$ cat entry-v8.cif   # mmCIF, C-alpha atoms
data_query
loop_
_atom_site.group_PDB
_atom_site.id
_atom_site.type_symbol
_atom_site.label_atom_id
_atom_site.label_comp_id
_atom_site.auth_asym_id
_atom_site.auth_seq_id
_atom_site.Cartn_x
_atom_site.Cartn_y
_atom_site.Cartn_z
ATOM 1 C CA MET G 1117 0.000 0.000 0.000
ATOM 2 C CA ALA G 1118 1.313 3.390 -0.966
ATOM 3 C CA THR G 1119 2.194 5.928 1.702
ATOM 4 C CA SER G 1120 -0.853 8.089 2.204
ATOM 5 C CA VAL G 1121 -1.081 11.804 2.815
ATOM 6 C CA ALA G 1122 -4.202 13.577 4.100
ATOM 7 C CA VAL G 1123 -4.595 17.126 2.810
ATOM 8 C CA VAL G 1124 -6.788 19.254 5.070
ATOM 9 C CA GLN G 1125 -9.336 21.514 3.415
ATOM 10 C CA PHE G 1126 -11.196 24.184 5.383
ATOM 11 C CA PRO G 1127 -13.897 26.336 3.796
ATOM 12 C CA GLY G 1128 -11.677 28.808 1.942
ATOM 13 C CA THR G 1129 -8.643 26.567 1.490
ATOM 14 C CA ASN G 1130 -7.563 26.711 -2.149
ATOM 15 C CA CYS G 1131 -4.270 24.838 -2.532
ATOM 16 C CA GLU G 1132 -5.433 21.359 -1.552
ATOM 17 C CA MET G 1133 -5.568 19.951 -5.100
ATOM 18 C CA ASP G 1134 -2.103 21.325 -5.905
ATOM 19 C CA VAL G 1135 -0.762 19.372 -2.934
ATOM 20 C CA VAL G 1136 -2.719 16.227 -3.907
ATOM 21 C CA GLU G 1137 -1.403 16.404 -7.512
ATOM 22 C CA ALA G 1138 2.176 17.013 -6.400
ATOM 23 C CA VAL G 1139 2.133 14.200 -3.816
ATOM 24 C CA GLU G 1140 0.552 11.734 -6.271
ATOM 25 C CA SER G 1141 3.084 12.647 -8.957
ATOM 26 C CA LEU G 1142 5.725 11.397 -6.509
ATOM 27 C CA GLY G 1143 4.077 7.984 -6.139
ATOM 28 C CA ALA G 1144 2.255 8.387 -2.829
ATOM 29 C CA SER G 1145 -1.502 8.440 -2.425
ATOM 30 C CA ALA G 1146 -3.262 11.595 -1.267
ATOM 31 C CA HIS G 1147 -6.799 12.437 -0.256
ATOM 32 C CA VAL G 1148 -8.565 15.598 0.785
ATOM 33 C CA VAL G 1149 -10.035 15.681 4.301
ATOM 34 C CA PHE G 1150 -12.731 18.301 4.877
ATOM 35 C CA HIS G 1151 -12.595 20.377 8.049
ATOM 36 C CA ASP G 1152 -15.644 18.730 9.649
ATOM 37 C CA SER G 1153 -14.024 15.290 9.592
ATOM 38 C CA THR G 1154 -12.976 13.817 12.919
ATOM 39 C CA THR G 1155 -10.437 11.437 11.369
ATOM 40 C CA LEU G 1156 -7.613 11.661 8.857
ATOM 41 C CA GLY G 1157 -8.671 8.505 7.021
ATOM 42 C CA GLY G 1158 -5.693 6.508 8.252
ATOM 43 C CA ALA G 1159 -3.139 8.829 6.626
ATOM 44 C CA ASP G 1160 0.570 8.543 7.438
ATOM 45 C CA ALA G 1161 1.158 12.287 7.079
ATOM 46 C CA VAL G 1162 -0.969 15.429 7.091
ATOM 47 C CA VAL G 1163 -0.582 18.570 5.038
ATOM 48 C CA ILE G 1164 -2.585 21.666 5.926
ATOM 49 C CA ALA G 1165 -2.797 23.391 2.582
ATOM 50 C CA GLY G 1166 -2.789 27.100 1.834
ATOM 51 C CA GLY G 1167 -5.646 29.464 1.157
ATOM 52 C CA PHE G 1168 -7.952 31.449 3.399
ATOM 53 C CA ALA G 1169 -9.375 29.040 5.970
ATOM 54 C CA HIS G 1170 -12.750 30.328 7.155
ATOM 55 C CA GLY G 1171 -12.114 33.515 5.178
ATOM 56 C CA ASP G 1172 -9.172 34.426 7.440
ATOM 57 C CA TYR G 1173 -11.822 36.061 9.627
ATOM 58 C CA LEU G 1174 -10.556 37.499 12.918
ATOM 59 C CA ARG G 1175 -6.970 36.424 12.090
ATOM 60 C CA PRO G 1176 -5.599 33.867 9.626
ATOM 61 C CA GLY G 1177 -6.007 30.456 11.265
ATOM 62 C CA ALA G 1178 -7.935 31.745 14.293
ATOM 63 C CA ILE G 1179 -11.233 30.052 13.410
ATOM 64 C CA ALA G 1180 -9.682 27.015 11.712
ATOM 65 C CA ARG G 1181 -8.231 25.983 15.025
ATOM 66 C CA PHE G 1182 -11.757 25.088 16.204
ATOM 67 C CA SER G 1183 -12.647 22.897 13.214
ATOM 68 C CA PRO G 1184 -13.239 19.257 14.226
ATOM 69 C CA VAL G 1185 -10.418 18.002 11.996
ATOM 70 C CA MET G 1186 -7.863 19.863 14.117
ATOM 71 C CA SER G 1187 -8.384 17.422 17.011
ATOM 72 C CA ALA G 1188 -7.400 14.623 14.645
ATOM 73 C CA VAL G 1189 -4.388 16.646 13.455
ATOM 74 C CA GLU G 1190 -3.344 17.286 17.077
ATOM 75 C CA ASP G 1191 -3.661 13.573 17.914
ATOM 76 C CA HIS G 1192 -1.598 12.667 14.858
ATOM 77 C CA ALA G 1193 1.059 15.209 15.878
ATOM 78 C CA ARG G 1194 1.073 13.978 19.480
ATOM 79 C CA ARG G 1195 1.703 10.429 18.253
ATOM 80 C CA GLY G 1196 4.737 11.727 16.362
ATOM 81 C CA GLY G 1197 3.148 11.622 12.909
ATOM 82 C CA PRO G 1198 4.438 14.153 10.377
ATOM 83 C CA VAL G 1199 2.371 17.335 9.981
ATOM 84 C CA VAL G 1200 3.203 20.094 7.499
ATOM 85 C CA GLY G 1201 1.437 23.462 7.305
ATOM 86 C CA ILE G 1202 2.005 25.399 4.111
ATOM 87 C CA CYS G 1203 1.314 29.158 4.029
ATOM 88 C CA ASN G 1204 -2.174 29.515 5.568
ATOM 89 C CA GLY G 1205 -1.509 26.051 7.024
ATOM 90 C CA PHE G 1206 1.506 27.516 8.879
ATOM 91 C CA GLN G 1207 -0.788 30.238 10.262
ATOM 92 C CA VAL G 1208 -3.280 27.556 11.360
ATOM 93 C CA LEU G 1209 -0.494 25.648 13.153
ATOM 94 C CA THR G 1210 0.666 28.733 15.096
ATOM 95 C CA GLU G 1211 -2.904 29.654 16.052
ATOM 96 C CA SER G 1212 -3.428 26.043 17.191
ATOM 97 C CA HIS G 1213 -0.279 26.292 19.346
ATOM 98 C CA LEU G 1214 1.279 23.340 17.527
ATOM 99 C CA LEU G 1215 4.046 25.770 16.547
ATOM 100 C CA PRO G 1216 5.220 28.860 18.474
ATOM 101 C CA GLY G 1217 5.086 32.462 17.303
ATOM 102 C CA ALA G 1218 2.762 34.211 14.892
ATOM 103 C CA LEU G 1219 2.612 35.468 11.312
ATOM 104 C CA GLN G 1220 2.008 39.191 11.021
ATOM 105 C CA LYS G 1221 1.471 41.427 8.011
ATOM 106 C CA ASN G 1222 4.427 41.657 5.655
ATOM 107 C CA ALA G 1223 6.845 44.485 6.293
ATOM 108 C CA GLY G 1224 6.107 47.222 3.786
ATOM 109 C CA LEU G 1225 2.480 46.115 3.662
ATOM 110 C CA LYS G 1226 3.051 44.341 0.356
ATOM 111 C CA PHE G 1227 1.365 41.188 -0.814
ATOM 112 C CA ARG G 1228 4.345 39.123 -1.975
ATOM 113 C CA CYS G 1229 3.925 36.714 -4.852
ATOM 114 C CA GLY G 1230 6.912 35.234 -6.650
ATOM 115 C CA PHE G 1231 9.875 32.898 -6.437
ATOM 116 C CA THR G 1232 12.169 33.028 -3.422
ATOM 117 C CA GLN G 1233 15.430 31.293 -2.632
ATOM 118 C CA LEU G 1234 15.286 29.214 0.536
ATOM 119 C CA ARG G 1235 18.329 27.961 2.383
ATOM 120 C CA VAL G 1236 17.971 24.630 4.149
ATOM 121 C CA GLU G 1237 19.145 25.255 7.719
ATOM 122 C CA SER G 1238 18.167 21.974 9.317
ATOM 123 C CA THR G 1239 17.765 18.591 7.657
ATOM 124 C CA ASP G 1240 16.251 17.119 10.810
ATOM 125 C CA SER G 1241 12.622 17.693 9.780
ATOM 126 C CA PRO G 1242 10.030 15.747 7.774
ATOM 127 C CA LEU G 1243 10.291 18.296 4.984
ATOM 128 C CA THR G 1244 14.059 18.559 4.630
ATOM 129 C CA SER G 1245 15.383 15.107 5.548
ATOM 130 C CA GLY G 1246 16.312 14.506 1.898
ATOM 131 C CA CYS G 1247 18.208 17.806 1.545
ATOM 132 C CA ALA G 1248 21.756 18.728 2.463
ATOM 133 C CA PRO G 1249 22.404 21.588 4.917
ATOM 134 C CA GLY G 1250 22.942 24.799 2.971
ATOM 135 C CA ASP G 1251 21.014 23.615 -0.090
ATOM 136 C CA VAL G 1252 19.285 26.533 -1.781
ATOM 137 C CA LEU G 1253 15.820 25.779 -3.148
ATOM 138 C CA ARG G 1254 13.774 27.943 -5.493
ATOM 139 C CA ILE G 1255 10.209 27.933 -4.143
ATOM 140 C CA PRO G 1256 7.393 30.462 -4.667
ATOM 141 C CA ILE G 1257 5.602 32.448 -1.986
ATOM 142 C CA ASN G 1258 2.130 33.981 -2.151
ATOM 143 C CA HIS G 1259 1.094 35.764 1.024
ATOM 144 C CA PHE G 1260 0.227 38.984 2.817
ATOM 145 C CA GLU G 1261 0.710 37.779 6.375
ATOM 146 C CA GLY G 1262 3.934 35.805 6.294
ATOM 147 C CA ASN G 1263 6.132 37.966 8.485
ATOM 148 C CA TYR G 1264 7.126 35.499 11.198
ATOM 149 C CA THR G 1265 7.523 36.895 14.678
ATOM 150 C CA CYS G 1266 7.964 35.470 18.177
ATOM 151 C CA SER G 1267 9.273 36.470 21.591
ATOM 152 C CA GLU G 1268 13.036 36.731 22.089
ATOM 153 C CA GLU G 1269 12.885 33.672 24.355
ATOM 154 C CA VAL G 1270 11.194 31.599 21.660
ATOM 155 C CA LEU G 1271 13.652 32.824 19.022
ATOM 156 C CA ALA G 1272 16.587 31.833 21.232
ATOM 157 C CA GLU G 1273 15.010 28.413 21.734
ATOM 158 C CA LEU G 1274 14.424 27.936 18.001
ATOM 159 C CA ARG G 1275 18.081 28.744 17.308
ATOM 160 C CA GLU G 1276 19.520 26.620 20.104
ATOM 161 C CA GLN G 1277 17.395 23.615 19.237
ATOM 162 C CA ASP G 1278 18.100 23.845 15.494
ATOM 163 C CA ARG G 1279 14.396 24.355 14.814
ATOM 164 C CA ILE G 1280 14.751 26.999 12.121
ATOM 165 C CA VAL G 1281 14.302 24.658 9.185
ATOM 166 C CA LEU G 1282 14.404 27.149 6.301
ATOM 167 C CA ARG G 1283 15.601 30.736 5.897
ATOM 168 C CA TYR G 1284 15.026 33.171 3.047
ATOM 169 C CA VAL G 1285 18.190 34.128 1.209
ATOM 170 C CA ASP G 1286 16.583 37.549 0.501
ATOM 171 C CA ASN G 1287 13.975 38.206 3.173
ATOM 172 C CA PRO G 1288 10.775 39.150 1.279
ATOM 173 C CA ASN G 1289 8.437 39.911 4.183
ATOM 174 C CA GLY G 1290 10.381 41.096 7.227
ATOM 175 C CA SER G 1291 10.360 37.760 9.083
ATOM 176 C CA VAL G 1292 12.559 37.785 12.169
ATOM 177 C CA ASP G 1293 15.940 36.154 11.515
ATOM 178 C CA ASP G 1294 14.882 35.538 7.862
ATOM 179 C CA ILE G 1295 12.736 32.625 9.027
ATOM 180 C CA ALA G 1296 10.757 30.878 6.285
ATOM 181 C CA GLY G 1297 9.962 27.662 8.155
ATOM 182 C CA ILE G 1298 10.263 26.169 11.638
ATOM 183 C CA CYS G 1299 9.499 22.899 13.392
ATOM 184 C CA ASN G 1300 8.194 21.966 16.839
ATOM 185 C CA GLU G 1301 10.272 20.568 19.675
ATOM 186 C CA SER G 1302 9.695 16.956 18.702
ATOM 187 C CA ARG G 1303 10.488 17.933 15.085
ATOM 188 C CA ASN G 1304 7.489 16.207 13.465
ATOM 189 C CA VAL G 1305 5.419 19.373 12.916
ATOM 190 C CA VAL G 1306 6.720 21.849 10.331
ATOM 191 C CA GLY G 1307 5.277 25.141 9.146
ATOM 192 C CA LEU G 1308 6.510 27.222 6.225
ATOM 193 C CA MET G 1309 5.183 30.131 4.195
ATOM 194 C CA PRO G 1310 6.579 29.068 0.763
ATOM 195 C CA HIS G 1311 4.681 26.586 -1.408
ATOM 196 C CA PRO G 1312 6.721 23.474 -2.312
ATOM 197 C CA GLU G 1313 3.709 22.007 -4.152
ATOM 198 C CA ARG G 1314 3.919 24.891 -6.631
ATOM 199 C CA ALA G 1315 7.473 23.914 -7.504
ATOM 200 C CA ALA G 1316 6.885 20.242 -8.230
ATOM 201 C CA HIS G 1317 6.963 20.243 -12.028
ATOM 202 C CA ALA G 1318 9.245 21.826 -14.629
ATOM 203 C CA LEU G 1319 6.204 23.483 -16.204
ATOM 204 C CA LEU G 1320 5.760 25.473 -12.988
ATOM 205 C CA GLY G 1321 9.229 26.977 -13.266
ATOM 206 C CA SER G 1322 10.969 24.922 -10.587
ATOM 207 C CA THR G 1323 11.130 21.334 -9.404
ATOM 208 C CA ASP G 1324 12.886 22.191 -6.141
ATOM 209 C CA GLY G 1325 9.720 21.490 -4.136
ATOM 210 C CA ARG G 1326 9.912 17.812 -5.032
ATOM 211 C CA VAL G 1327 12.768 17.047 -2.652
ATOM 212 C CA MET G 1328 10.703 18.539 0.187
ATOM 213 C CA LEU G 1329 7.601 16.516 -0.635
ATOM 214 C CA GLU G 1330 9.725 13.398 -1.216
ATOM 215 C CA SER G 1331 11.245 13.957 2.230
ATOM 216 C CA LEU G 1332 7.739 14.153 3.699
ATOM 217 C CA ILE G 1333 6.613 10.966 1.942
ATOM 218 C CA GLY G 1334 9.777 9.184 3.086
ATOM 219 C CA THR G 1335 9.294 10.334 6.686
ATOM 220 C CA ALA G 1336 5.639 9.266 6.560
ATOM 221 C CA ALA G 1337 6.609 5.797 5.316
ATOM 222 C CA ARG G 1338 9.190 5.425 8.085
ATOM 223 C CA SER G 1339 6.767 6.626 10.773
ATOM 224 C CA ARG G 1340 4.174 4.105 9.536
ATOM 225 C CA THR G 1341 6.714 1.283 9.747
ATOM 226 C CA ALA G 1342 7.695 2.404 13.246
ATOM 227 C CA ALA G 1343 4.038 2.594 14.343
ATOM 228 C CA ALA G 1344 3.343 -0.882 12.941
ATOM 229 C CA ALA G 1345 6.382 -2.311 14.725
ATOM 230 C CA SER G 1346 5.339 -0.865 18.076
ATOM 231 C CA SER G 1347 1.700 -1.976 17.886
ATOM 232 C CA MET J 1264 -28.028 41.167 33.114
ATOM 233 C CA THR J 1265 -26.991 42.059 29.606
ATOM 234 C CA PHE J 1266 -23.827 44.106 29.142
ATOM 235 C CA ASP J 1267 -22.614 46.042 26.125
ATOM 236 C CA VAL J 1268 -19.029 45.069 25.418
ATOM 237 C CA VAL J 1269 -16.418 46.654 23.172
ATOM 238 C CA VAL J 1270 -13.089 44.906 22.759
ATOM 239 C CA GLU J 1271 -10.396 46.969 21.115
ATOM 240 C CA VAL J 1272 -7.630 44.816 19.663
ATOM 241 C CA ARG J 1273 -4.285 46.487 19.053
ATOM 242 C CA LEU J 1274 -0.852 45.332 18.013
ATOM 243 C CA ARG J 1275 1.473 45.005 20.963
ATOM 244 C CA GLU J 1276 4.170 47.561 21.640
ATOM 245 C CA GLY J 1277 7.129 46.786 19.401
ATOM 246 C CA VAL J 1278 5.174 44.764 16.819
ATOM 247 C CA ALA J 1279 5.519 46.282 13.366
ATOM 248 C CA ASP J 1280 2.341 48.032 12.244
ATOM 249 C CA PRO J 1281 2.874 48.532 8.507
ATOM 250 C CA GLU J 1282 -0.721 49.632 8.027
ATOM 251 C CA GLY J 1283 -0.396 52.382 10.646
ATOM 252 C CA SER J 1284 2.952 53.581 9.342
ATOM 253 C CA THR J 1285 1.707 53.616 5.745
ATOM 254 C CA ILE J 1286 -1.261 55.784 6.757
ATOM 255 C CA GLU J 1287 1.071 58.079 8.691
ATOM 256 C CA ARG J 1288 3.432 58.476 5.715
ATOM 257 C CA THR J 1289 0.488 59.345 3.457
ATOM 258 C CA LEU J 1290 -1.024 62.077 5.633
ATOM 259 C CA PRO J 1291 1.414 64.914 4.770
ATOM 260 C CA ALA J 1292 0.245 64.641 1.146
ATOM 261 C CA LEU J 1293 -3.129 65.899 2.363
ATOM 262 C CA GLY J 1294 -1.554 68.635 4.446
ATOM 263 C CA PHE J 1295 -1.838 66.842 7.795
ATOM 264 C CA ASP J 1296 1.698 67.399 9.017
ATOM 265 C CA GLY J 1297 1.223 67.036 12.753
ATOM 266 C CA VAL J 1298 -0.134 63.480 12.942
ATOM 267 C CA ARG J 1299 2.104 60.998 14.769
ATOM 268 C CA ASP J 1300 1.936 57.505 16.245
ATOM 269 C CA VAL J 1301 -0.772 56.163 13.923
ATOM 270 C CA SER J 1302 -1.724 52.624 14.785
ATOM 271 C CA VAL J 1303 -4.416 50.409 13.303
ATOM 272 C CA GLY J 1304 -6.420 47.864 15.241
ATOM 273 C CA LYS J 1305 -9.943 46.552 15.245
ATOM 274 C CA SER J 1306 -12.912 46.758 17.526
ATOM 275 C CA ILE J 1307 -15.257 43.892 18.257
ATOM 276 C CA ARG J 1308 -18.656 44.682 19.769
ATOM 277 C CA PHE J 1309 -21.121 42.309 21.339
ATOM 278 C CA SER J 1310 -23.598 41.986 24.168
ATOM 279 C CA LEU J 1311 -23.111 39.494 26.939
ATOM 280 C CA GLU J 1312 -25.301 37.880 29.576
ATOM 281 C CA ALA J 1313 -23.602 37.732 32.960
ATOM 282 C CA ALA J 1314 -24.516 37.856 36.650
ATOM 283 C CA ASP J 1315 -22.692 41.154 37.263
ATOM 284 C CA GLU J 1316 -20.039 43.389 35.744
ATOM 285 C CA GLU J 1317 -17.181 41.561 37.418
ATOM 286 C CA ALA J 1318 -18.350 38.231 35.999
ATOM 287 C CA ALA J 1319 -18.780 39.858 32.587
ATOM 288 C CA ARG J 1320 -15.263 41.279 32.675
ATOM 289 C CA SER J 1321 -13.690 38.020 33.691
ATOM 290 C CA GLU J 1322 -15.492 36.165 30.900
ATOM 291 C CA VAL J 1323 -14.458 38.735 28.279
ATOM 292 C CA GLU J 1324 -10.837 38.630 29.492
ATOM 293 C CA ASP J 1325 -10.849 34.872 29.027
ATOM 294 C CA LEU J 1326 -12.468 35.243 25.599
ATOM 295 C CA CYS J 1327 -9.789 37.769 24.584
ATOM 296 C CA LYS J 1328 -6.948 35.594 25.755
ATOM 297 C CA ARG J 1329 -8.208 32.424 24.131
ATOM 298 C CA PHE J 1330 -9.753 33.671 20.925
ATOM 299 C CA LEU J 1331 -10.185 37.354 20.128
ATOM 300 C CA THR J 1332 -6.482 38.203 20.312
ATOM 301 C CA ASN J 1333 -3.270 36.436 19.483
ATOM 302 C CA PRO J 1334 -1.220 37.269 22.600
ATOM 303 C CA VAL J 1335 2.026 36.900 20.631
ATOM 304 C CA ILE J 1336 1.302 40.068 18.675
ATOM 305 C CA GLU J 1337 -1.865 41.634 20.071
ATOM 306 C CA ASP J 1338 -3.217 43.346 23.212
ATOM 307 C CA SER J 1339 -6.790 44.193 24.013
ATOM 308 C CA THR J 1340 -8.689 46.858 25.910
ATOM 309 C CA ILE J 1341 -12.095 45.898 27.238
ATOM 310 C CA THR J 1342 -14.855 48.429 27.746
ATOM 311 C CA ILE J 1343 -18.014 47.268 29.441
ATOM 312 C CA SER J 1344 -20.639 49.960 29.260
ATOM 313 C CA GLY J 1345 -24.267 50.466 30.064
ATOM 314 C CA VAL J 1346 -26.419 47.600 31.155
ATOM 315 C CA VAL J 1347 -28.775 47.002 28.247
ATOM 316 C CA SER J 1348 -31.567 45.552 30.365
#
$ encode --input "entry-v8.cif" --output "structure tokens"
Amino acid sequence: MATSVAVVQFPGTNCEMDVVEAVESLGASAHVVFHDSTTLGGADAVVIAGGFAHGDYLRPGAIARFSPVMSAVEDHARRGGPVVGICNGFQVLTESHLLPGALQKNAGLKFRCGFTQLRVESTDSPLTSGCAPGDVLRIPINHFEGNYTCSEEVLAELREQDRIVLRYVDNPNGSVDDIAGICNESRNVVGLMPHPERAAHALLGSTDGRVMLESLIGTAARSRTAAAASS
Amino acid sequence: MTFDVVVEVRLREGVADPEGSTIERTLPALGFDGVRDVSVGKSIRFSLEAADEEAARSEVEDLCKRFLTNPVIEDSTITISGVVS
């Protein structure tokens, strides 16, 4: 059975099919899970896709946190299963307290849409395990509220624990310490503003997102094997 | 009792407020040269059933902390005015 990836769709999510297509093109199976679901359909990994969950009302991710599917995502994360939040998905993960910090409006008040260069800072994450430290990946961004911020204590912790997974080479949004993506303490939950699924085919202008999604699929397969062995 | 509640949500001190600073930079073009410290927030209004004002305030504080604000970047000011009925 192929490794399976659940892609969470809230009302207003709009990148779920891009993630499904990209994951399937890499040989894994993927299915969309709507926000009112209380299970992830037995998936080995979860991706919270980008868009505008619940219209971004109140704050991006603030309402999504209360959707029934988030209990299933939290359970999956607690069991050590890989969880990736892309763009709006990253905002949902911070609002759900699965990742620290917050995403504020971009510096300069500009909506940023275009390719960015990302430097892989840590390969100890489900999204970068197949990369080498220092690799530079060309991945697009598409956001207004992607300016990562956190308290000085949290920033110090992220640095000390090697939890800054990706940094922008040229910071496009004012994120503290050029942060593009981080992971949680147990390293199985990753959030990033850039969209690897939009860089998964040459026709899209870059294939650099494939190594990230392949890393995720590989991590998911390993975590399934580990779960099967322990049960 | 029913209380009228206004929650004003503002960015915390030190958090970049690009919307406020953009407005401030634009004002001189209209001849408003003396405007400083522009900040942009939002206000959320609702009515609330509670036993007394103290109970109302404590419930709204909890609501602010857990939902209406993101404490990483936002603060709130709560105004509880006039008993509606």
$ closest_residue --input "entry-v8.cif" --among "G:Gln1207, G:Thr1323, G:Thr1232, G:Ser1241" --to "chain J" --atoms "only C-alpha atoms"
G:Gln1207
$ resolve_selection --input "entry-v8.cif" --expression "the PyMOL selection byres ((chain G) within 9 of (chain J))" --output "list in words"
Leu1174, Arg1175, Ala1178, Ile1179, Glu1211, Pro1216, Gly1217, Ala1218, Leu1219, Gln1220, Lys1221, Asn1222, Ala1223, Gly1224, Leu1225, Thr1265, Cys1266 and Ser1267 of chain G
$ resolve_selection --input "entry-v8.cif" --expression "the PyMOL selection byres ((chain G and resi 1203) around 6)" --output "list in words"
Gly1166, Ile1202, Asn1204, Gly1205, Phe1206, Leu1308 and Met1309 of chain G
$ resolve_selection --input "entry-v8.cif" --expression "the PyMOL selection byres ((chain G and resi 1298) around 12)" --output "PDB file with C-alpha atoms, in the coordinates of the input"
ATOM      1  CA  VAL G1199       2.371  17.335   9.981  1.00  0.00           C
ATOM      2  CA  VAL G1200       3.203  20.094   7.499  1.00  0.00           C
ATOM      3  CA  GLY G1201       1.437  23.462   7.305  1.00  0.00           C
ATOM      4  CA  ILE G1202       2.005  25.399   4.111  1.00  0.00           C
ATOM      5  CA  PHE G1206       1.506  27.516   8.879  1.00  0.00           C
ATOM      6  CA  GLN G1207      -0.788  30.238  10.262  1.00  0.00           C
ATOM      7  CA  LEU G1209      -0.494  25.648  13.153  1.00  0.00           C
ATOM      8  CA  THR G1210       0.666  28.733  15.096  1.00  0.00           C
ATOM      9  CA  LEU G1214       1.279  23.340  17.527  1.00  0.00           C
ATOM     10  CA  LEU G1215       4.046  25.770  16.547  1.00  0.00           C
ATOM     11  CA  PRO G1216       5.220  28.860  18.474  1.00  0.00           C
ATOM     12  CA  GLY G1217       5.086  32.462  17.303  1.00  0.00           C
ATOM     13  CA  ALA G1218       2.762  34.211  14.892  1.00  0.00           C
ATOM     14  CA  VAL G1236      17.971  24.630   4.149  1.00  0.00           C
ATOM     15  CA  GLU G1237      19.145  25.255   7.719  1.00  0.00           C
ATOM     16  CA  SER G1238      18.167  21.974   9.317  1.00  0.00           C
ATOM     17  CA  THR G1239      17.765  18.591   7.657  1.00  0.00           C
ATOM     18  CA  ASP G1240      16.251  17.119  10.810  1.00  0.00           C
ATOM     19  CA  SER G1241      12.622  17.693   9.780  1.00  0.00           C
ATOM     20  CA  PRO G1242      10.030  15.747   7.774  1.00  0.00           C
ATOM     21  CA  LEU G1243      10.291  18.296   4.984  1.00  0.00           C
ATOM     22  CA  THR G1244      14.059  18.559   4.630  1.00  0.00           C
ATOM     23  CA  TYR G1264       7.126  35.499  11.198  1.00  0.00           C
ATOM     24  CA  THR G1265       7.523  36.895  14.678  1.00  0.00           C
ATOM     25  CA  CYS G1266       7.964  35.470  18.177  1.00  0.00           C
ATOM     26  CA  VAL G1270      11.194  31.599  21.660  1.00  0.00           C
ATOM     27  CA  LEU G1271      13.652  32.824  19.022  1.00  0.00           C
ATOM     28  CA  GLU G1273      15.010  28.413  21.734  1.00  0.00           C
ATOM     29  CA  LEU G1274      14.424  27.936  18.001  1.00  0.00           C
ATOM     30  CA  ARG G1275      18.081  28.744  17.308  1.00  0.00           C
ATOM     31  CA  GLN G1277      17.395  23.615  19.237  1.00  0.00           C
ATOM     32  CA  ASP G1278      18.100  23.845  15.494  1.00  0.00           C
ATOM     33  CA  ARG G1279      14.396  24.355  14.814  1.00  0.00           C
ATOM     34  CA  ILE G1280      14.751  26.999  12.121  1.00  0.00           C
ATOM     35  CA  VAL G1281      14.302  24.658   9.185  1.00  0.00           C
ATOM     36  CA  LEU G1282      14.404  27.149   6.301  1.00  0.00           C
ATOM     37  CA  ARG G1283      15.601  30.736   5.897  1.00  0.00           C
ATOM     38  CA  SER G1291      10.360  37.760   9.083  1.00  0.00           C
ATOM     39  CA  VAL G1292      12.559  37.785  12.169  1.00  0.00           C
ATOM     40  CA  ASP G1293      15.940  36.154  11.515  1.00  0.00           C
ATOM     41  CA  ASP G1294      14.882  35.538   7.862  1.00  0.00           C
ATOM     42  CA  ILE G1295      12.736  32.625   9.027  1.00  0.00           C
ATOM     43  CA  ALA G1296      10.757  30.878   6.285  1.00  0.00           C
ATOM     44  CA  GLY G1297       9.962  27.662   8.155  1.00  0.00           C
ATOM     45  CA  CYS G1299       9.499  22.899  13.392  1.00  0.00           C
ATOM     46  CA  ASN G1300       8.194  21.966  16.839  1.00  0.00           C
ATOM     47  CA  GLU G1301      10.272  20.568  19.675  1.00  0.00           C
ATOM     48  CA  SER G1302       9.695  16.956  18.702  1.00  0.00           C
ATOM     49  CA  ARG G1303      10.488  17.933  15.085  1.00  0.00           C
ATOM     50  CA  ASN G1304       7.489  16.207  13.465  1.00  0.00           C
ATOM     51  CA  VAL G1305       5.419  19.373  12.916  1.00  0.00           C
ATOM     52  CA  VAL G1306       6.720  21.849  10.331  1.00  0.00           C
ATOM     53  CA  GLY G1307       5.277  25.141   9.146  1.00  0.00           C
ATOM     54  CA  LEU G1308       6.510  27.222   6.225  1.00  0.00           C
ATOM     55  CA  MET G1309       5.183  30.131   4.195  1.00  0.00           C
ATOM     56  CA  PRO G1310       6.579  29.068   0.763  1.00  0.00           C
TER      57      PRO G1310
END
$ atom_distance --input "entry-v8.cif" --atom1 "CA of Phe1227 in chain G" --atom2 "CA of His1259 in chain G"
5.7 Å
$ closest_residue --input "entry-v8.cif" --among "G:Gly1197, G:Phe1182, G:Pro1176, G:His1311" --to "Glu1132 in chain G" --atoms "only C-alpha atoms"
G:His1311
$ atom_distance --input "entry-v8.cif" --atom1 "CA of Arg1194 in chain G" --atom2 "CA of Val1121 in chain G"
16.9 Å
$ residues_around --input "entry-v8.cif" --residues "range 1337-1347 of chain J" --least-positions-apart "3" --cutoff "9 Å" --atoms "all atoms listed in the file" --output "CSV table (one decimal) with C-alpha atoms, in the coordinates of the input"
chain,number,residue,atom,x,y,z
J,1264,MET,CA,-28.0,41.2,33.1
J,1265,THR,CA,-27.0,42.1,29.6
J,1266,PHE,CA,-23.8,44.1,29.1
J,1267,ASP,CA,-22.6,46.0,26.1
J,1268,VAL,CA,-19.0,45.1,25.4
J,1269,VAL,CA,-16.4,46.7,23.2
J,1270,VAL,CA,-13.1,44.9,22.8
J,1271,GLU,CA,-10.4,47.0,21.1
J,1272,VAL,CA,-7.6,44.8,19.7
J,1273,ARG,CA,-4.3,46.5,19.1
J,1274,LEU,CA,-0.9,45.3,18.0
J,1275,ARG,CA,1.5,45.0,21.0
J,1276,GLU,CA,4.2,47.6,21.6
J,1278,VAL,CA,5.2,44.8,16.8
J,1310,SER,CA,-23.6,42.0,24.2
J,1316,GLU,CA,-20.0,43.4,35.7
J,1319,ALA,CA,-18.8,39.9,32.6
J,1320,ARG,CA,-15.3,41.3,32.7
J,1323,VAL,CA,-14.5,38.7,28.3
J,1324,GLU,CA,-10.8,38.6,29.5
J,1327,CYS,CA,-9.8,37.8,24.6
J,1328,LYS,CA,-6.9,35.6,25.8
J,1331,LEU,CA,-10.2,37.4,20.1
J,1332,THR,CA,-6.5,38.2,20.3
J,1333,ASN,CA,-3.3,36.4,19.5
J,1334,PRO,CA,-1.2,37.3,22.6
